[in-house]
Amino acid sequence: MKTWTLTESDIDRIALGAGILGTGGGGNPYLGSLMTKAQLRLGRTIRMIRPADLDPGAQVLALGGIGAPTVGIEKMEEGDEGVRVLRAIEKFAGRPVDAVIADEIGGSNGLAPMITAAKLGLPVVDADGMGRAFPEVQMTTFFIHGQASQPAALADALGNVLIVTAATSPEMLETLMRAGTVAMGCTAHMSTAPMTGDFVRRYGVPHTVSQAWTLGDTVMAARAAKTDPVAAILRRAGGTSLLHGKVTDIARRIDTGFVRGNLTVTGLEDCAGRSLTIDIQNEYLVAREAGSILAMVPDLICICDSETGRPVTTEELRYGLRISVIAIPAPALLRSAKALRSVGPRAFGYDFDFVPLGVPTEAPPVAAYQEPEPAKTSTQRHVQSGGLS
Amino acid sequence: MTGLLRIGVDVGGTNTDAALLRGTEVLATVKTATTADVTGGVAAAIRAVLAAEGMTGTAVGAVMIGTTHFLNALVERRHLQRTGVLRLCGRATRALPPMIDWPDDLRGLIDGGAFLVDGGVNYDGAPIAPLGHKAIREACRTWRAAGIGAVAICSVFALVDARMEEDAAAIVAEELPGAAISLSHRIGRTGLLQRESAAILNASLHRIGQETVAAFRAAFAGLGLTCPLYLTQNDGTLMSADYAERFPVFTIASGPTNSMRGAAFLTGLSDAAVIDIGGTTTDIGVLVGGFPRSRSEGAVIAGVRTNFRVPDVFSFGLGGGSLVRLDGGLRIGPDSVGFHLPHKAICFGGDTLTATDIAVAAGLVTLGDPSRLKQLDAGMVRAALARMKADVEAVLDQMKPGPEPIPTVLVGGGSVLIDGLLDGTSQSLRPDHFGSANAIGAAIAQVSGEVDSVVSLEGRSREAALEGVVAEARRRAVEAGAAEATVTLAEIDETPLSYLPGNAIRITAKVVGELVA
């Protein structure tokens, strides 16, 4: 089976790409990338596997962070939270976990399973349940397609673990998990119910870690060559340019725990004379021009700094920022009638139906996937050299 | 401080500027060369500005110095003190040990051993673990054996409850008498890793802080100055020399701030864009309520991420010494002849076409020998002026708070390059003494106190919480040298925290006051 062993520079690329796929939300991957790279420096390895290579009967566990971002940057992780979550689920389910996966590739959660994978020597599946970022736990292709609501688990930095053994709906599970998170000091590591390899092969959004890597690599290569990073993204990763211009108006407020607002971008250069407004609900949801909608959720509306290609989150928006707005087609799994009930415009309170922009193409796995080396000597040498730090 | 005779000094990379003020009247300004030891140039500038008015040092009531000396120490990796780090965190935060994102060489110079011990609180103030007294004493013994004389202490959510940092400091002071101790809650904002890094940087600069202040004091004695000495901080306000010894890191981004504060003073404008054009670079920033607008993201200092609030300034390579090239299309900068301008520019008898030559050829300023520029094509001169103006306008538009035209102040020696009203502005002012706005900004600086805190409103009113934060800010302003009666509230901001229960809010407050006379 081909695997992809991550290096520190791979982590930097994945973090940058995960930021772009965060569509303005999802949290900053910076601390997560530091934690993940620290694991590699200890001599541990992170192996990615393609979803198609999963054994149909394998147990796959989705891991991620939950809580208030302001708390997460102050009371950071201890490091073993994911391990405790995983062990608790294994004990409850009575069988071992074979691989881990992210629920949400966009933002900080895209890297979350990797620390646990490094510690336990488990592979990470190159797929996720969103192909982007969404604000709530149940907005995954896994829940949309019938993932069980239990068991689910939470662990904090101090050693507390909470298991939900029954929840009457995915929404009730979200409520219970939030309450548990508050009791744990507003930051915790979580997992939803284990899934089979067959289920993840069918309902996981494939190769989204590869997609994040490709986006990050494209931007870094363009920066190094001093060429236009946004044009490079469109060339290599697909998508549609909606507008490039500058932010001319921004209104934001906190409403029932979520950031809401809207943003106006005025076109520059070949886009001069045009103007775009974008609705924000934690993420960028709907882009309009002259009264007509150009792109809408679940299609990805990504905003990058025009000069550096750096993803621009909703908190960072301010007047005068030079940005490029691009739309990337949502994965086919998010565009089905069934999925749109959970993640389409109406699920976010809009009174219109989803109109797709562009044709989704499945992201290919990166070229770095290789058959494992036959001998174990190289791995051992890596452990020894890394063990010095 | 009406009538108080003050000297402001700004130490730049090339020039040291000094300004002598009585009350709000600028009596004299001078420019001297910056010296390698900093103190020599400062003394020369003060001597020159006093001589310009025929005054002696004894008449001076206060001296304010803006210097990038401590930043240079970090950038050049010199005179840094090895620092022990104490993180009060219990089991939390251990996935990211102290200094994990530092450049290896700087960490190698400063890291004196880090210990993660019991302590810290949650966002609501509930302890994560009781303070680990025994572990702290053990850490001190290790540092003592290694000869460590500086310690940074950082507790989880120290901005919610700072008592554990203070208790830990008392233990360290007992075990390591004379050690320089930096507490994170006095230095940075929410965001543990960045606040901790800022506290470590501060501790590592303690010795050079003491040495520099001592050198300034010695130089002052030689000049017959008997008045108090102040240093300017990142936000354009002052700290007393004693305070600067303890918080050297607060001077690190003071450079652009002084020019902007000087621009506000010289024009009387409190909300305006400031364009500071020097010999090599142009800095554009925005004044809000008389103070520079801060950047939303923290400053990266010598490769270390911190969360200091520093002025939101955009710098680019345009200045009086910028090279003007004509081969292959008109290009201006970003490289500059820098301090060689007085002999390299064509108008000064040199052979290099510079932005200053363009301004002289266009008649915007009279310098050197304008007849040497007669062969310049008038169309090219117009095009070069238009290009420089357009470059400034493009950055100005990014920095403006909104689409409405705003007043603009041009300062710095290179500001003569800009002619006429800039696009997007309601007026463009170039006040008297525009070349020394930085030194004047230092001279007129006030004293501030600032607090950033996360407060739970369970069991206390919002008003009581706000009052508590403002009272602490006032206490800090007075500690830094403000006259208590003059202290007023400059900024207060409350932010409800997303995903947090119990009405937790983050309150930041800043007060400013006049110097104690």
# chains A, B, ... in the order shown; residues from 1 in each chain; ligands from 1
call {"tool": "interface_residues", "arguments": {"of": "chain A", "to": "chain B", "cutoff": "7 Å", "atoms": "only C-alpha atoms", "output": "number ranges by chain"}}
result
A: 35, 67-68, 71, 73-79, 157-158, 185-186, 248, 254, 257-258, 319-321
call {"tool": "write_last_selection", "arguments": {"atoms": "C-alpha atoms", "output": "mmCIF file, in the first residue's frame"}}
result
data_model
loop_
_atom_site.group_PDB
_atom_site.id
_atom_site.type_symbol
_atom_site.label_atom_id
_atom_site.label_comp_id
_atom_site.auth_asym_id
_atom_site.auth_seq_id
_atom_site.Cartn_x
_atom_site.Cartn_y
_atom_site.Cartn_z
ATOM 1 C CA MET A 35 2.617 21.012 17.555
ATOM 2 C CA GLY A 67 -13.992 25.274 21.984
ATOM 3 C CA ALA A 68 -13.440 29.014 22.009
ATOM 4 C CA VAL A 71 -9.103 30.074 25.032
ATOM 5 C CA ILE A 73 -4.417 30.286 22.163
ATOM 6 C CA GLU A 74 -3.953 30.687 25.930
ATOM 7 C CA LYS A 75 -4.587 27.270 27.485
ATOM 8 C CA MET A 76 -2.961 25.259 24.729
ATOM 9 C CA GLU A 77 -3.042 21.494 24.398
ATOM 10 C CA GLU A 78 -1.156 19.106 26.600
ATOM 11 C CA GLY A 79 -0.612 16.847 23.597
ATOM 12 C CA ALA A 157 -5.528 18.839 28.986
ATOM 13 C CA LEU A 158 -5.787 17.764 32.624
ATOM 14 C CA GLY A 185 -12.465 25.235 30.488
ATOM 15 C CA CYS A 186 -13.749 25.911 26.973
ATOM 16 C CA THR A 248 -14.107 49.033 0.813
ATOM 17 C CA ILE A 254 -20.977 38.529 17.319
ATOM 18 C CA GLY A 257 -21.622 32.788 19.461
ATOM 19 C CA PHE A 258 -21.048 33.257 15.725
ATOM 20 C CA TYR A 319 -10.578 48.621 4.638
ATOM 21 C CA GLY A 320 -8.018 48.827 1.866
ATOM 22 C CA LEU A 321 -6.789 45.229 2.016
#
call {"tool": "residues_around", "arguments": {"residues": "A:Asp55", "least_positions_apart": "6", "cutoff": "9 Å", "atoms": "only C-alpha atoms", "output": "PyMOL selection string"}}
result
chain A and resi 196-198
call {"tool": "write_last_selection", "arguments": {"atoms": "C-alpha atoms", "output": "short mmCIF file (atom, residue, chain, number, x, y, z; two decimals), in the first residue's frame"}}
result
data_model
loop_
_atom_site.label_atom_id
_atom_site.label_comp_id
_atom_site.auth_asym_id
_atom_site.auth_seq_id
_atom_site.Cartn_x
_atom_site.Cartn_y
_atom_site.Cartn_z
CA THR A 196 -15.80 1.73 9.07
CA GLY A 197 -13.24 1.90 6.31
CA ASP A 198 -16.01 1.18 3.82
#
call {"tool": "residues_around", "arguments": {"residues": "stretch 247-258 of chain B", "least_positions_apart": "3", "cutoff": "8 Å", "atoms": "only C-alpha atoms", "output": "short mmCIF file (atom, residue, chain, number, x, y, z; two decimals) with C-alpha atoms, in the first residue's frame"}}
result
data_model
loop_
_atom_site.label_atom_id
_atom_site.label_comp_id
_atom_site.auth_asym_id
_atom_site.auth_seq_id
_atom_site.Cartn_x
_atom_site.Cartn_y
_atom_site.Cartn_z
CA ASP B 10 15.30 60.34 18.19
CA GLY B 12 17.73 56.68 13.80
CA GLY B 66 13.59 57.37 21.34
CA THR B 67 16.06 54.62 20.44
CA THR B 68 16.09 51.34 18.59
CA PHE B 70 17.42 47.29 22.25
CA LEU B 71 15.92 46.10 19.00
CA ILE B 187 4.26 42.62 29.13
CA ALA B 198 7.76 38.72 24.86
CA LEU B 201 12.85 38.83 25.30
CA ASN B 202 12.31 41.43 27.99
CA LEU B 205 17.42 42.58 27.59
CA HIS B 206 17.49 43.46 31.27
CA GLY B 209 18.76 47.97 29.65
CA LEU B 231 12.51 56.69 26.98
CA THR B 232 9.71 56.54 24.42
CA GLN B 233 7.67 53.35 24.07
CA ASN B 234 6.07 51.50 21.17
CA ASP B 235 2.82 53.46 21.60
CA GLY B 236 4.48 56.89 21.61
CA TYR B 243 10.93 51.69 34.30
CA ALA B 244 12.88 51.31 31.04
CA ARG B 261 3.15 61.88 17.27
CA GLY B 262 5.33 64.80 16.17
CA ASP B 283 6.62 55.01 6.39
CA PRO B 292 -0.83 55.78 15.85
CA VAL B 310 2.85 48.15 17.48
CA PRO B 311 1.96 50.97 15.09
CA VAL B 313 2.95 51.29 9.52
CA ALA B 437 9.05 65.61 13.66
CA ASN B 438 10.51 62.45 15.23
CA ALA B 439 12.51 64.34 17.89
CA ILE B 440 9.58 66.67 18.53
CA GLY B 441 7.30 63.63 18.92
CA ALA B 442 9.67 62.33 21.60
#
call {"tool": "residues_around", "arguments": {"residues": "A:Thr116", "least_positions_apart": "4", "cutoff": "8 Å", "atoms": "only C-alpha atoms", "output": "JSON, numbers by chain"}}
result
{"A": [79, 80, 82, 83, 112, 120, 122]}
call {"tool": "residues_around", "arguments": {"residues": "B:Ala62", "least_positions_apart": "3", "cutoff": "9 Å", "atoms": "only C-alpha atoms", "output": "PyMOL selection string"}}
result
chain B and resi 4-8+225-230+443+517
call {"tool": "write_last_selection", "arguments": {"atoms": "C-alpha atoms", "output": "PDB file, in the first residue's frame"}}
result
ATOM      1  CA  LEU B   4       8.884  73.136  31.011  1.00  0.00           C
ATOM      2  CA  LEU B   5      12.067  73.110  28.935  1.00  0.00           C
ATOM      3  CA  ARG B   6      12.378  69.705  27.264  1.00  0.00           C
ATOM      4  CA  ILE B   7      14.715  67.993  24.842  1.00  0.00           C
ATOM      5  CA  GLY B   8      13.466  65.215  22.584  1.00  0.00           C
ATOM      6  CA  LEU B 225      21.836  67.806  32.922  1.00  0.00           C
ATOM      7  CA  THR B 226      20.186  67.149  36.260  1.00  0.00           C
ATOM      8  CA  CYS B 227      16.636  66.487  35.009  1.00  0.00           C
ATOM      9  CA  PRO B 228      14.789  63.158  34.751  1.00  0.00           C
ATOM     10  CA  LEU B 229      15.402  60.895  31.747  1.00  0.00           C
ATOM     11  CA  TYR B 230      12.618  59.171  29.853  1.00  0.00           C
ATOM     12  CA  ALA B 443       9.764  65.692  23.369  1.00  0.00           C
ATOM     13  CA  ALA B 517       6.772  68.133  36.628  1.00  0.00           C
TER      14      ALA B 517
END
call {"tool": "atom_distance", "arguments": {"atom1": "atom CA of B:Asp312", "atom2": "atom CA of B:Val286"}}
result
7.5 Å
call {"tool": "select_by_dssp", "arguments": {"residues": "stretch 107-334 of chain B", "states": "helix (DSSP H, G or I)", "output": "JSON, numbers by chain"}}
result
{"B": [107, 108, 109, 110, 133, 134, 135, 136, 137, 138, 139, 140, 141, 142, 143, 144, 145, 146, 163, 164, 165, 166, 167, 168, 169, 170, 171, 172, 173, 174, 175, 184, 185, 186, 192, 193, 194, 195, 196, 197, 198, 199, 200, 201, 202, 203, 204, 206, 207, 208, 209, 210, 211, 212, 213, 214, 215, 216, 217, 218, 219, 220, 221, 222, 241, 242, 243, 244, 245, 246, 248, 249, 250, 251, 254, 255, 256, 257, 258, 259, 260, 261, 262, 263, 264, 265, 266, 267]}
call {"tool": "residues_around", "arguments": {"residues": "stretch 332-344 of chain A", "least_positions_apart": "4", "cutoff": "10 Å", "atoms": "only C-alpha atoms", "output": "MDAnalysis selection string"}}
result
chainID A and resid 129:131 134 138:145 202:206 285 296:299 348:350 352:356 359:362
call {"tool": "write_last_selection", "arguments": {"atoms": "N, CA and C atoms", "output": "short mmCIF file (atom, residue, chain, number, x, y, z; two decimals), in the first residue's frame"}}
result
data_model
loop_
_atom_site.label_atom_id
_atom_site.label_comp_id
_atom_site.auth_asym_id
_atom_site.auth_seq_id
_atom_site.Cartn_x
_atom_site.Cartn_y
_atom_site.Cartn_z
N GLY A 129 -14.43 15.27 6.33
CA GLY A 129 -15.89 15.23 6.26
C GLY A 129 -16.52 16.53 5.76
N MET A 130 -15.70 17.50 5.31
CA MET A 130 -16.26 18.78 4.86
C MET A 130 -15.65 19.28 3.55
N GLY A 131 -14.36 19.01 3.36
CA GLY A 131 -13.67 19.58 2.21
C GLY A 131 -13.49 21.08 2.35
N PHE A 134 -16.92 24.36 8.32
CA PHE A 134 -18.30 24.71 8.66
C PHE A 134 -18.35 24.94 10.17
N GLN A 138 -22.19 18.70 13.26
CA GLN A 138 -23.01 17.78 12.47
C GLN A 138 -23.01 18.10 10.98
N MET A 139 -22.29 19.14 10.58
CA MET A 139 -22.27 19.53 9.17
C MET A 139 -21.18 18.78 8.41
N THR A 140 -21.10 17.47 8.61
CA THR A 140 -20.09 16.69 7.88
C THR A 140 -20.78 15.72 6.95
N THR A 141 -20.06 15.34 5.90
CA THR A 141 -20.58 14.31 4.99
C THR A 141 -20.81 13.01 5.76
N PHE A 142 -20.10 12.83 6.87
CA PHE A 142 -20.29 11.60 7.66
C PHE A 142 -21.66 11.61 8.33
N PHE A 143 -22.00 12.72 9.01
CA PHE A 143 -23.32 12.79 9.65
C PHE A 143 -24.43 12.81 8.61
N ILE A 144 -24.19 13.52 7.52
CA ILE A 144 -25.21 13.60 6.46
C ILE A 144 -25.57 12.20 5.97
N HIS A 145 -24.58 11.32 5.96
CA HIS A 145 -24.82 9.97 5.43
C HIS A 145 -24.98 8.94 6.53
N ARG A 202 -16.67 5.65 1.07
CA ARG A 202 -17.85 6.12 0.33
C ARG A 202 -18.19 7.59 0.62
N TYR A 203 -18.06 8.00 1.87
CA TYR A 203 -18.60 9.31 2.24
C TYR A 203 -17.56 10.35 2.69
N GLY A 204 -16.30 9.94 2.78
CA GLY A 204 -15.27 10.94 3.07
C GLY A 204 -14.98 11.75 1.79
N VAL A 205 -14.68 13.03 1.96
CA VAL A 205 -14.27 13.83 0.80
C VAL A 205 -12.81 13.47 0.51
N PRO A 206 -12.54 12.86 -0.64
CA PRO A 206 -11.22 12.25 -0.84
C PRO A 206 -10.10 13.26 -1.09
N LEU A 285 -20.01 32.98 2.95
CA LEU A 285 -21.11 32.10 2.54
C LEU A 285 -21.67 32.39 1.16
N MET A 296 -22.26 30.50 -3.87
CA MET A 296 -22.95 30.34 -2.58
C MET A 296 -22.52 29.04 -1.92
N VAL A 297 -22.73 28.99 -0.60
CA VAL A 297 -22.43 27.81 0.18
C VAL A 297 -23.27 26.63 -0.35
N PRO A 298 -22.75 25.44 -0.47
CA PRO A 298 -21.48 24.92 0.05
C PRO A 298 -20.28 25.11 -0.88
N ASP A 299 -20.43 25.72 -2.08
CA ASP A 299 -19.23 26.01 -2.85
C ASP A 299 -18.31 26.89 -2.01
N PHE A 348 -28.46 27.75 6.24
CA PHE A 348 -27.87 28.95 6.85
C PHE A 348 -28.87 30.10 6.88
N GLY A 349 -30.17 29.77 6.68
CA GLY A 349 -31.22 30.79 6.82
C GLY A 349 -31.54 31.55 5.54
N TYR A 350 -31.01 31.15 4.41
CA TYR A 350 -31.33 31.85 3.16
C TYR A 350 -32.60 31.28 2.54
N PHE A 352 -33.24 30.76 -0.66
CA PHE A 352 -33.07 30.34 -2.06
C PHE A 352 -32.33 29.00 -2.10
N ASP A 353 -32.44 28.35 -3.26
CA ASP A 353 -31.82 27.04 -3.43
C ASP A 353 -30.41 27.17 -3.99
N PHE A 354 -29.66 26.11 -3.81
CA PHE A 354 -28.27 26.09 -4.26
C PHE A 354 -28.17 26.08 -5.78
N VAL A 355 -27.37 27.01 -6.32
CA VAL A 355 -27.03 26.99 -7.74
C VAL A 355 -25.53 26.77 -7.82
N PRO A 356 -25.11 25.66 -8.37
CA PRO A 356 -23.67 25.36 -8.36
C PRO A 356 -22.88 26.26 -9.29
N VAL A 359 -17.84 22.71 -12.09
CA VAL A 359 -18.02 21.27 -11.94
C VAL A 359 -16.98 20.75 -10.96
N PRO A 360 -17.43 20.03 -9.92
CA PRO A 360 -16.44 19.55 -8.96
C PRO A 360 -15.53 18.49 -9.58
N THR A 361 -14.25 18.62 -9.26
CA THR A 361 -13.32 17.57 -9.68
C THR A 361 -12.70 17.01 -8.42
N GLU A 362 -12.54 15.71 -8.36
CA GLU A 362 -11.95 15.10 -7.17
C GLU A 362 -10.47 15.46 -7.13
#
call {"tool": "closest_residue", "arguments": {"among": "B:Lys134, B:Cys140, B:Ser197, B:Val411", "to": "B:Val300", "atoms": "only C-alpha atoms"}}
result
B:Ser197
call {"tool": "closest_residue", "arguments": {"among": "B:Asp242, B:Glu53, B:Glu25, B:Glu138", "to": "B:Arg217", "atoms": "only C-alpha atoms"}}
result
B:Asp242
call {"tool": "select_by_dssp", "arguments": {"residues": "stretch 98-206 of chain A", "states": "strand (DSSP E)", "output": "ChimeraX atom specification"}}
result
/A:99-102,124-128,152-155,161-164,187-191,195-196,205-206
call {"tool": "atom_distance", "arguments": {"atom1": "atom CA of B:Arg387", "atom2": "atom CA of A:Cys304"}}
result
27.3 Å
call {"tool": "atom_distance", "arguments": {"atom1": "atom CA of A:Val286", "atom2": "atom CA of A:Pro29"}}
result
23.9 Å
call {"tool": "residues_around", "arguments": {"residues": "B:Val324", "least_positions_apart": "6", "cutoff": "10 Å", "atoms": "only C-alpha atoms", "output": "list of chain:residue names"}}
result
B:Leu330, B:Arg331, B:Ile332, B:Gly333, B:Pro334, B:Asp335, B:Ser336, B:Thr352, B:Leu353, B:Thr354, B:Ala355, B:Thr356, B:Asp357, B:Ile358, B:Ala384
